[in-house]
Every structure is written in structure tokens, then in C-alpha cells.
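Have a look at the structure below before the remarks.
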Protein chains: 2
Amino acid sequence: MSYAVKAMPRPRSLTDDQIAAAALALTDRAGLAALSMRTVAAELGMGTMSLYRYVTDREQLERLVVEFVLRDVDFAPPRDAPWTDQVSAVTNGIRDAVSAHPAVVPLFLTHRSTSAGVMRCGDVLLRVLAEAGFHGPDRVFAFRTLLAYLIGALTTEHLGPLSGPGTAALARLPGDDFPFLAETARVARSIGPDEEFRRGLTIVLAGLGASP
Amino acid sequence: MSYAVKAMPRPRSLTDDQIAAAALALTDRAGLAALSMRTVAAELGMGTMSLYRYVTDREQLERLVVEFVLRDVDFAPPRDAPWTDQVSAVTNGIRDAVSAHPAVVPLFLTHRSTSAGVMRCGDVLLRVLAEAGFHGPDRVFAFRTLLAYLIGALTTEHLGPLSGPGTAALARLPGDDFPFLAETARVARSIGPDEEFRRGLTIVLAGLGASP
DNA sequence: CTCGTAGGCGTACGATGTACTCCTAAATCG
DNA sequence: CGATTTAGGAGTACATCGTACGCCTACGAG
């Protein structure tokens with residue numbers, strides 16, 4: 001051990017961001033089902049098993065993608081605006097970043113609790129709520145309600161937006177089986193996803209404002 | 001063709017319900033990851049490919065499970081109660097049925113738009129909203145917001161209830177990185193999933209009541 | 001009893017995640 | 001400058017998945 005104690009050969013040729021970008025590009029282009037170790041490795045121009053030098057798991061690969069998408073979120077809620085506007089800013093920022101890549105929405109659900117980016121989102125949101133006067137259990141309920149709405153809205157938007165084919169199929173139903181569903185679907189077809197999300201968020205915020 | 005026009009040999013030995021019950025039992029016992037064509041067939045005591053006589057797809061298998069779980073929902077909202085109570089009754093009924101089988105929650109997201117049971121839930125909810133005076137786009141927004149909350153709450157509850165290990169891990173964080181998250185997690189540890197769901201629903205209902 | 005339908009299932013194929021093992025590129029130190 | 005050492009790159013292989021295909025046979029109607 002007299003020499004060569006610190007040999008650091010073959011520097012890593014890939015950064016996490018390069019891997020995440022390749023995986024995200026692939027997913028955007030061919031859908032989440034096309035995301036696999038083999039396809040990502042191919043996208044990076046390397047052998048399948050080489051990818052395992054940079055990533056221990058398929059799960060960690062997915063985490064990289066989640067982190068990568070969330071990095072574009074702007075976390076600077078206007079500090080002197082009403083707290084509802086601040087919550088709106090943060091929530092809309094997250095939603096805009098995520099729904100720019102619809103195919104990866106399911107990954108956010110799976111890795112919700114193990115991603116630093118997701119936790120940063122949560123922390124910012126909780127800070128706004130704390131400054132708005134939410135404390136103790138009330139803050140927990142407010143936070144989880146917002147989170148549930150955000151996750152649910154992203155999910156429904158991803159696998160069946162109002163203006164998409166699912167709603168169209170419902171509207172085409174003969175009115176007998178599910179009359180209200182059919183009628184409402186006809187109204188819903190003309191509503192875009194942005195308006196839907198913002199109106200829903202307004203409803204939740206109104207509910208939050210009613211209690212404290 | 002003079003005879004044997006109606007030969008119906010070998011009657012089906014399995015009902016949809018039997019298949020769904022077997023798949024559900026398996027999933028409850030061993031988790032959603034253990035649900036596969038082979039395991040369900042084995043649970044039913046038959047060969048793998050025999051299952052395909054009753055089910056065209058893995059997807060249809062999952063739909064059977066969804067339908068089966070939803071059949072236990074009681075759709076009889078108290079007709080002379082305030083509409084908020086009626087919405088609560090329906091929503092809580094769905095949530096109770098689904099969260100009795102936590103492992104299948106992801107299936108509800110995947111098959112949300114292709115299951116008769118799910119559509120029945122939607123129709124009942126829309127009827128209550130219509131009778132409460134919601135019309136046109138307002139009804140759409142109210143419906144989708146409730147749906148988003150329900151789906152989001154089920155999801156978050158499934159893969160990380162407040163009283164679970166995820167929250168505990170957050171509470172153990174050194175306060176430096178995500179101070180609000182850590183502090184809030186400490187408060188949240190003592191909140192049960194039932195209370196969380198009901199309080200969140202109350203918030204959403206308050207928001208719905210504020211607008212019309 | 002006969003016959004045709006449809007249930008039961010064994011085999012096989014492509015895709016997936018990943019463990020194991022090898023070869024070799026390259027940075028550091030003598 | 002060359003030797004040494006460590007880590008990157010990759011081929012092979014295996015278990016598991018969904019499922020297409022085709023064979024055999026149980027069974028009920030005639």
C-alpha cells in the first residue's frame with residue numbers, strides 16, 4: 001500500500017441530468033410504457049447494464065426523472081400578496097411543470113415521499129400556510145387537502161381530461177343508464193384543463209378560507 | 001345443419017364474481033405486485049391459460065376487481081338531508097369501500113373511466129349536486145373537484161398515511177433542510193386516516209358552499 | 001350414442017428487471 | 001513514461017410477466 005492509494009480512473013461520463021433528460025425525452029416521445037432500462041440505455045447510446053453504474057434501480061431512474069421535472073418549478077411565491085395568491089402560485093407552478101410532461105404523472109404518485117424535489121414543494125407550501133395563520137392540526141389538514149386536490153387533479157387530467165375522448169364517450173351515452181353523467185359530460189367537453197384546474201383550486205381555497 | 005344448432009357443452013365453471021373474489025383475496029393477502037394471470041389462475045386452481053376463457057385481458061381482470069369492490073358501496077344518500085350531508089355520504093361510502101382494500105387503490109385510477117361501478121358513483125354524485133342547485137359548468141367544476149379530492153386522498157392515504165412510516169421519517173429529519181415539513185410531520189403523526197379524510201372533505205364542501 | 005362446441009391447458013415467444021462476470025480505459029504515482 | 005489500480009462498459013443468463021397458438025377432451029343437445 002505504499003503507492004497508488006488514490007487512483008481515480010475512468011471518470012463518470014454521464015451526469016444525473018443527462019440520464020434524466022434522456023429518460024424524459026424518451027417518455028415524452030413514446031409514453032411511460034416505453035420507459036425501461038434497455039430503452040433508456042439505448043437512448044444514451046450505451047449497453048443496458050452500463051446504466052446500472054449510474055443508477056441502482058429502475059426506481060432510482062424514475063426518481064431522477066421526477067427530480068428533473070420538478071427542478072423547473074419556480075418557488076418564489078409573491079411574498080406580499082394574499083396567502084391565497086401565494087398558494088395558487090406554488091400550486092400552479094407545480095402543476096404547470098408536471099403537466100408539461102403528462103406521461104410521467106404516475107411517477108409522481110409512486111415517488112411522492114422519496115423525492116427531494118417533492119419535499120421541497122411541500123415545505124414551501126407549508127411555509128405559506130404557516131404565514132397565513134395555519135397552525136397545528138389545522139395546518140396539517142389544509143396541507144393534505146391541497147396535496148390531495150393537486151394529486152387528484154393531475155391524475156384525472158392525465159388519464160382523462162374533460163376535453164378528451166373519455167368525456168366525449170360519456171356524452172354519447174344513451175341517457176338512460178347514467179343520465180346525469182351524460183348530460184354533464186356534454187357541458188364539460190368545452191372546458192379546457194387549465195380552467196378546470198384553476199376553478200377547482202379556487203373552490204378548495206375558498207374552503208380553506210372559510211374555517212380559520 | 002339439421003341438428004345440433006344449439007349445442008352448449010361444458011358450461012362455464014366460473015362466475016365473474018368468483019374470479020374477482022379470488023383476485024381480490026390474493027391482492028389483499030400478497031399485495032398488488034403479486035397479482036398476475038398466473039397467480040390468479042393458481043388461486044382458482046386452474047392452469048394459467050384457462051383464465052383467458054373468462055377474461056380477455058389482464059386489464060379486464062383488474063376491471064372485475066374494481067367492479068367487485070365497488071359493489072359494496074351503499075348508494076342511498078339520505079334524500080331529505082342537506083346536500084352537503086348527501087355528498088358526504090356518497091363520498092365516504094366510496095372511500096370506505098375502496099380503502100378496505102388498500103392494495104387495489106391504484107387499479108381505481110387506471111380503470112376510472114372504463115368501469116360501470118365507477119360511472120355509477122359519478123352519476124349518483126352528479127344527481128346530488130344537481131338537486132343542490134349546481135347547473136352547467138358550475139356542476140362540472142364541483143364534480144371534478146370532489147373527484148380530484150377523492151382520488152388524491154385515496155392515493156395519498158394508500159401510499160403514505162399520516163400515521164405511517166413516511167410521516168415518521170419526515171418528523172425525524174434534522175430541522176434544517178425542510179423545517180416546516182419536519183415540524184408539521186410531528187403534529188401529523190397522531191392524526192388518523194379517517195379524520196384526515198373527513199376534515200379534508202369538509203374543507204372542499206365549504207368551498208363548494210361558498211360559491212353558488 | 002354421436003357430434004360439435006367450448007373449456008382446460010402445455011408450450012412458446014418477446015419483453016422486462018437485474019445478478020454475475022469479464023474486459024479494458026484511464027488517472028495517479030513511482 | 002510506464003506500471004498499477006480502480007471503475008466504467010457490456011455480454012450473457014435467469015426469473016417473471018402477458019399472452020398467442022394449438023391440442024385434447026368433457027359435456028350437453030340431437
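Ordering of the C-alpha cells sets the chain letters (A, B, ...), residue numbers begin anew at 1 in every chain, and ligands are numbered from 1 in the order given.
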
Could you list, as a ChimeraX atom specification, the residues of chain A having an atom within 7 Å of chain B when counting only C-alpha atoms?
-> /A:113,120,122-123,126-127,136-137,140-141,145,148-149,151-153,156,166,178,180-181,184,187-188,196,199-200,203-208,210

Return the neighbours of chain B among the residues of chain D, cut-off 6 Å, counting only C-alpha atoms (C1' of nucleotides), as JSON, numbers by chain.
-> {"D": [27, 28, 29, 30]}

Selected residues written out with all heavy atoms, as a JSON list (two decimals), in the first residue's frame:
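Okay, this is what ended up in again04.json:
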```json
[["chain", "number", "residue", "atom", "x", "y", "z"],
["D", 27, "DC", "P", -67.40, -33.32, -17.46],
["D", 27, "DC", "OP1", -67.35, -32.49, -16.25],
["D", 27, "DC", "OP2", -67.43, -34.81, -17.36],
["D", 27, "DC", "O5'", -68.64, -32.86, -18.34],
["D", 27, "DC", "C5'", -68.68, -31.52, -18.80],
["D", 27, "DC", "C4'", -69.64, -31.42, -19.95],
["D", 27, "DC", "O4'", -69.04, -31.95, -21.15],
["D", 27, "DC", "C3'", -70.96, -32.20, -19.77],
["D", 27, "DC", "O3'", -72.00, -31.27, -19.80],
["D", 27, "DC", "C2'", -70.98, -33.16, -20.96],
["D", 27, "DC", "C1'", -70.08, -32.44, -21.96],
["D", 27, "DC", "N1", -69.46, -33.32, -22.99],
["D", 27, "DC", "C2", -69.47, -32.90, -24.33],
["D", 27, "DC", "O2", -69.99, -31.83, -24.62],
["D", 27, "DC", "N3", -68.89, -33.70, -25.26],
["D", 27, "DC", "C4", -68.33, -34.86, -24.90],
["D", 27, "DC", "N4", -67.76, -35.61, -25.85],
["D", 27, "DC", "C5", -68.31, -35.29, -23.55],
["D", 27, "DC", "C6", -68.89, -34.50, -22.62],
["D", 28, "DG", "P", -73.31, -31.44, -18.94],
["D", 28, "DG", "OP1", -73.19, -30.53, -17.78],
["D", 28, "DG", "OP2", -73.56, -32.88, -18.74],
["D", 28, "DG", "O5'", -74.43, -30.87, -19.92],
["D", 28, "DG", "C5'", -74.16, -29.65, -20.61],
["D", 28, "DG", "C4'", -74.87, -29.63, -21.96],
["D", 28, "DG", "O4'", -74.13, -30.45, -22.90],
["D", 28, "DG", "C3'", -76.29, -30.20, -21.94],
["D", 28, "DG", "O3'", -77.07, -29.44, -22.85],
["D", 28, "DG", "C2'", -76.10, -31.64, -22.42],
["D", 28, "DG", "C1'", -74.97, -31.46, -23.43],
["D", 28, "DG", "N9", -74.13, -32.64, -23.62],
["D", 28, "DG", "C8", -73.75, -33.54, -22.65],
["D", 28, "DG", "N7", -72.99, -34.50, -23.12],
["D", 28, "DG", "C5", -72.85, -34.22, -24.47],
["D", 28, "DG", "C6", -72.13, -34.91, -25.47],
["D", 28, "DG", "O6", -71.45, -35.93, -25.39],
["D", 28, "DG", "N1", -72.27, -34.28, -26.72],
["D", 28, "DG", "C2", -72.99, -33.14, -26.94],
["D", 28, "DG", "N2", -73.00, -32.69, -28.19],
["D", 28, "DG", "N3", -73.66, -32.48, -26.00],
["D", 28, "DG", "C4", -73.55, -33.08, -24.80],
["D", 29, "DA", "P", -78.63, -29.44, -22.81],
["D", 29, "DA", "OP1", -79.07, -28.17, -22.24],
["D", 29, "DA", "OP2", -79.08, -30.72, -22.21],
["D", 29, "DA", "O5'", -79.01, -29.48, -24.36],
["D", 29, "DA", "C5'", -78.30, -28.60, -25.24],
["D", 29, "DA", "C4'", -78.32, -29.15, -26.65],
["D", 29, "DA", "O4'", -77.44, -30.31, -26.74],
["D", 29, "DA", "C3'", -79.69, -29.62, -27.11],
["D", 29, "DA", "O3'", -79.87, -29.27, -28.48],
["D", 29, "DA", "C2'", -79.62, -31.14, -26.94],
["D", 29, "DA", "C1'", -78.15, -31.42, -27.23],
["D", 29, "DA", "N9", -77.63, -32.59, -26.52],
["D", 29, "DA", "C8", -77.83, -32.92, -25.21],
["D", 29, "DA", "N7", -77.22, -34.03, -24.84],
["D", 29, "DA", "C5", -76.58, -34.45, -26.00],
["D", 29, "DA", "C6", -75.78, -35.57, -26.28],
["D", 29, "DA", "N6", -75.46, -36.49, -25.35],
["D", 29, "DA", "N1", -75.31, -35.70, -27.54],
["D", 29, "DA", "C2", -75.63, -34.77, -28.45],
["D", 29, "DA", "N3", -76.38, -33.68, -28.30],
["D", 29, "DA", "C4", -76.83, -33.58, -27.04],
["D", 30, "DG", "P", -81.30, -29.40, -29.16],
["D", 30, "DG", "OP1", -81.45, -28.24, -30.05],
["D", 30, "DG", "OP2", -82.30, -29.68, -28.10],
["D", 30, "DG", "O5'", -81.17, -30.71, -30.04],
["D", 30, "DG", "C5'", -80.48, -30.63, -31.31],
["D", 30, "DG", "C4'", -80.35, -32.03, -31.89],
["D", 30, "DG", "O4'", -79.53, -32.81, -31.01],
["D", 30, "DG", "C3'", -81.68, -32.78, -31.96],
["D", 30, "DG", "O3'", -82.22, -32.66, -33.30],
["D", 30, "DG", "C2'", -81.31, -34.24, -31.69],
["D", 30, "DG", "C1'", -79.95, -34.17, -31.03],
["D", 30, "DG", "N9", -79.95, -34.63, -29.63],
["D", 30, "DG", "C8", -80.60, -34.06, -28.56],
["D", 30, "DG", "N7", -80.40, -34.70, -27.44],
["D", 30, "DG", "C5", -79.57, -35.76, -27.80],
["D", 30, "DG", "C6", -79.02, -36.79, -27.01],
["D", 30, "DG", "O6", -79.16, -36.98, -25.78],
["D", 30, "DG", "N1", -78.24, -37.66, -27.78],
["D", 30, "DG", "C2", -78.01, -37.53, -29.11],
["D", 30, "DG", "N2", -77.23, -38.45, -29.66],
["D", 30, "DG", "N3", -78.51, -36.57, -29.86],
["D", 30, "DG", "C4", -79.29, -35.72, -29.14]]
```

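Considering only C-alpha atoms (C1' of nucleotides), the residue among C:DT5, C:DT21, C:DT16, C:DT11 positioned nearest to chain A is C:DT16.
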
Which residue out of A:Leu173, A:Met46, A:Ala20, A:Val55 has the minimum interatomic distance to chain C when only C-alpha atoms (C1' of nucleotides) are used?
-> A:Val55

Would you mind reading off the distance between CA of Arg95 (chain B) and CA of Ser115 (chain B), one decimal, in Å?
-> 16.3 Å

Residues of chain C that approach chain B to 10 Å or less, counting only C-alpha atoms (C1' of nucleotides): could you list each one with the shortest pair of atoms and its distance in Å to one decimal, rows by chain and increasing residue number, as CSV?
```
residue,atom,partner,partner_atom,distance
C:DC3,C1',B:Ala4,CA,8.1
C:DG4,C1',B:Ala7,CA,7.3
C:DT5,C1',B:Pro9,CA,6.1
C:DA6,C1',B:Arg10,CA,6.6
C:DG7,C1',B:Arg10,CA,6.2
C:DG8,C1',B:Ser50,CA,5.6
C:DC9,C1',B:Gly47,CA,5.7
C:DG10,C1',B:Met49,CA,9.1
```

Generate a file of the selected residues that holds C-alpha atoms (C1' of nucleotides), formatted as an mmCIF file, in the first residue's frame.
```cif
data_model
loop_
_atom_site.group_PDB
_atom_site.id
_atom_site.type_symbol
_atom_site.label_atom_id
_atom_site.label_comp_id
_atom_site.auth_asym_id
_atom_site.auth_seq_id
_atom_site.Cartn_x
_atom_site.Cartn_y
_atom_site.Cartn_z
ATOM 1 C "C1'" DC C 3 -71.081 -34.970 -32.608
ATOM 2 C "C1'" DG C 4 -69.670 -30.325 -32.324
ATOM 3 C "C1'" DT C 5 -68.733 -26.703 -29.282
ATOM 4 C "C1'" DA C 6 -66.141 -24.663 -25.933
ATOM 5 C "C1'" DG C 7 -63.477 -25.395 -21.585
ATOM 6 C "C1'" DG C 8 -58.769 -26.656 -19.915
ATOM 7 C "C1'" DC C 9 -54.046 -26.228 -20.500
ATOM 8 C "C1'" DG C 10 -48.981 -27.058 -22.181
#
```

Please return as an NGL selection string: the residues of region 129-198 of chain A that backbone DSSP assigns to alpha helix (DSSP H).
-> :A and (129-131 or 136-158 or 165-171 or 179-188 or 193-198)

With C-alpha atoms retained, export the selected residues as a PDB file, in the first residue's frame.
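The result, written out as again04.pdb:
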```
ATOM      1  CA  LEU A 129     -49.757  28.193   5.119  1.00  0.00           C
ATOM      2  CA  ALA A 130     -47.895  28.900   8.358  1.00  0.00           C
ATOM      3  CA  GLU A 131     -47.513  32.550   7.478  1.00  0.00           C
ATOM      4  CA  GLY A 136     -51.135  22.698  14.492  1.00  0.00           C
ATOM      5  CA  PRO A 137     -53.594  20.185  13.089  1.00  0.00           C
ATOM      6  CA  ASP A 138     -55.330  22.856  11.007  1.00  0.00           C
ATOM      7  CA  ARG A 139     -52.176  23.299   9.006  1.00  0.00           C
ATOM      8  CA  VAL A 140     -51.913  19.555   8.527  1.00  0.00           C
ATOM      9  CA  PHE A 141     -55.455  19.322   7.215  1.00  0.00           C
ATOM     10  CA  ALA A 142     -55.038  22.322   4.950  1.00  0.00           C
ATOM     11  CA  PHE A 143     -51.817  20.917   3.558  1.00  0.00           C
ATOM     12  CA  ARG A 144     -53.079  17.430   2.970  1.00  0.00           C
ATOM     13  CA  THR A 145     -56.262  18.729   1.366  1.00  0.00           C
ATOM     14  CA  LEU A 146     -54.293  20.852  -1.059  1.00  0.00           C
ATOM     15  CA  LEU A 147     -52.000  17.928  -1.750  1.00  0.00           C
ATOM     16  CA  ALA A 148     -54.902  15.581  -2.335  1.00  0.00           C
ATOM     17  CA  TYR A 149     -56.504  18.051  -4.718  1.00  0.00           C
ATOM     18  CA  LEU A 150     -53.252  18.596  -6.581  1.00  0.00           C
ATOM     19  CA  ILE A 151     -52.550  14.893  -6.948  1.00  0.00           C
ATOM     20  CA  GLY A 152     -56.103  14.059  -7.856  1.00  0.00           C
ATOM     21  CA  ALA A 153     -56.353  16.852 -10.385  1.00  0.00           C
ATOM     22  CA  LEU A 154     -53.090  15.842 -12.027  1.00  0.00           C
ATOM     23  CA  THR A 155     -54.247  12.250 -12.151  1.00  0.00           C
ATOM     24  CA  THR A 156     -57.651  12.936 -13.618  1.00  0.00           C
ATOM     25  CA  GLU A 157     -56.187  15.404 -16.040  1.00  0.00           C
ATOM     26  CA  HIS A 158     -53.591  12.887 -17.137  1.00  0.00           C
ATOM     27  CA  PRO A 165     -62.197  11.178 -25.620  1.00  0.00           C
ATOM     28  CA  GLY A 166     -63.414   9.803 -22.276  1.00  0.00           C
ATOM     29  CA  THR A 167     -65.783  12.692 -21.764  1.00  0.00           C
ATOM     30  CA  ALA A 168     -66.854  12.504 -25.371  1.00  0.00           C
ATOM     31  CA  ALA A 169     -67.743   8.847 -24.918  1.00  0.00           C
ATOM     32  CA  LEU A 170     -69.763   9.675 -21.820  1.00  0.00           C
ATOM     33  CA  ALA A 171     -71.614  12.396 -23.648  1.00  0.00           C
ATOM     34  CA  PRO A 179     -78.420  10.453 -17.189  1.00  0.00           C
ATOM     35  CA  PHE A 180     -76.558  12.983 -15.090  1.00  0.00           C
ATOM     36  CA  LEU A 181     -73.186  11.723 -16.214  1.00  0.00           C
ATOM     37  CA  ALA A 182     -74.176  12.021 -19.850  1.00  0.00           C
ATOM     38  CA  GLU A 183     -75.658  15.462 -19.512  1.00  0.00           C
ATOM     39  CA  THR A 184     -72.773  16.820 -17.501  1.00  0.00           C
ATOM     40  CA  ALA A 185     -70.280  15.325 -19.937  1.00  0.00           C
ATOM     41  CA  ARG A 186     -71.871  17.311 -22.734  1.00  0.00           C
ATOM     42  CA  VAL A 187     -71.343  20.528 -20.837  1.00  0.00           C
ATOM     43  CA  ALA A 188     -67.838  19.508 -19.828  1.00  0.00           C
ATOM     44  CA  PRO A 193     -57.763  21.602 -18.464  1.00  0.00           C
ATOM     45  CA  ASP A 194     -56.318  24.913 -17.303  1.00  0.00           C
ATOM     46  CA  GLU A 195     -59.683  26.367 -16.441  1.00  0.00           C
ATOM     47  CA  GLU A 196     -60.694  23.159 -14.735  1.00  0.00           C
ATOM     48  CA  PHE A 197     -57.635  23.127 -12.530  1.00  0.00           C
ATOM     49  CA  ARG A 198     -57.877  26.771 -11.563  1.00  0.00           C
TER      50      ARG A 198
END
```

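Between CA of Gly133 (chain A) and CA of Val87 (chain B) the separation is 28.9 Å.
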
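If you look at C1' of DG22 (chain D) and CA of Ala41 (chain B), they are 20.0 Å away from each other.
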
Mind checking which residues fall within 12 Å of DA13 (chain D), counting only C-alpha atoms (C1' of nucleotides), ignoring those fewer than 4 positions away in the same chain, and posting them as a list in words?
->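 Within the cut-off, the hits are DT18, DA19, DC20 and DT21 of chain C.
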
Store the residues picked out above in a file with N, CA, C and O atoms (P, O5', C5', C4', C3', O3' and C1' of nucleotides), as a PDB file, in the first residue's frame.
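For reference, selection_29.pdb as written:
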```pdb
ATOM      1  P    DT C  18     -34.520  -3.515 -11.112  1.00  0.00           P
ATOM      2  O5'  DT C  18     -33.357  -4.607 -11.220  1.00  0.00           O
ATOM      3  C5'  DT C  18     -33.492  -5.824 -10.533  1.00  0.00           C
ATOM      4  C4'  DT C  18     -32.403  -6.781 -10.937  1.00  0.00           C
ATOM      5  C3'  DT C  18     -30.967  -6.258 -10.763  1.00  0.00           C
ATOM      6  O3'  DT C  18     -30.193  -7.266 -10.146  1.00  0.00           O
ATOM      7  C1'  DT C  18     -31.205  -7.268 -12.810  1.00  0.00           C
ATOM      8  P    DA C  19     -29.606  -6.952  -8.703  1.00  0.00           P
ATOM      9  O5'  DA C  19     -28.770  -8.291  -8.425  1.00  0.00           O
ATOM     10  C5'  DA C  19     -29.435  -9.549  -8.453  1.00  0.00           C
ATOM     11  C4'  DA C  19     -28.498 -10.634  -8.956  1.00  0.00           C
ATOM     12  C3'  DA C  19     -27.032 -10.445  -8.543  1.00  0.00           C
ATOM     13  O3'  DA C  19     -26.474 -11.719  -8.204  1.00  0.00           O
ATOM     14  C1'  DA C  19     -27.180 -10.537 -10.904  1.00  0.00           C
ATOM     15  P    DC C  20     -25.008 -11.741  -7.537  1.00  0.00           P
ATOM     16  O5'  DC C  20     -24.089 -12.274  -8.720  1.00  0.00           O
ATOM     17  C5'  DC C  20     -24.595 -13.274  -9.606  1.00  0.00           C
ATOM     18  C4'  DC C  20     -23.631 -13.518 -10.757  1.00  0.00           C
ATOM     19  C3'  DC C  20     -22.160 -13.249 -10.448  1.00  0.00           C
ATOM     20  O3'  DC C  20     -21.407 -14.382 -10.832  1.00  0.00           O
ATOM     21  C1'  DC C  20     -22.795 -12.102 -12.432  1.00  0.00           C
ATOM     22  P    DT C  21     -19.843 -14.490 -10.403  1.00  0.00           P
ATOM     23  O5'  DT C  21     -19.115 -14.165 -11.771  1.00  0.00           O
ATOM     24  C5'  DT C  21     -19.668 -14.670 -13.000  1.00  0.00           C
ATOM     25  C4'  DT C  21     -18.955 -14.030 -14.180  1.00  0.00           C
ATOM     26  C3'  DT C  21     -17.478 -13.716 -13.932  1.00  0.00           C
ATOM     27  O3'  DT C  21     -16.685 -14.298 -14.946  1.00  0.00           O
ATOM     28  C1'  DT C  21     -18.609 -11.826 -14.840  1.00  0.00           C
TER      29       DT C  21
END
```
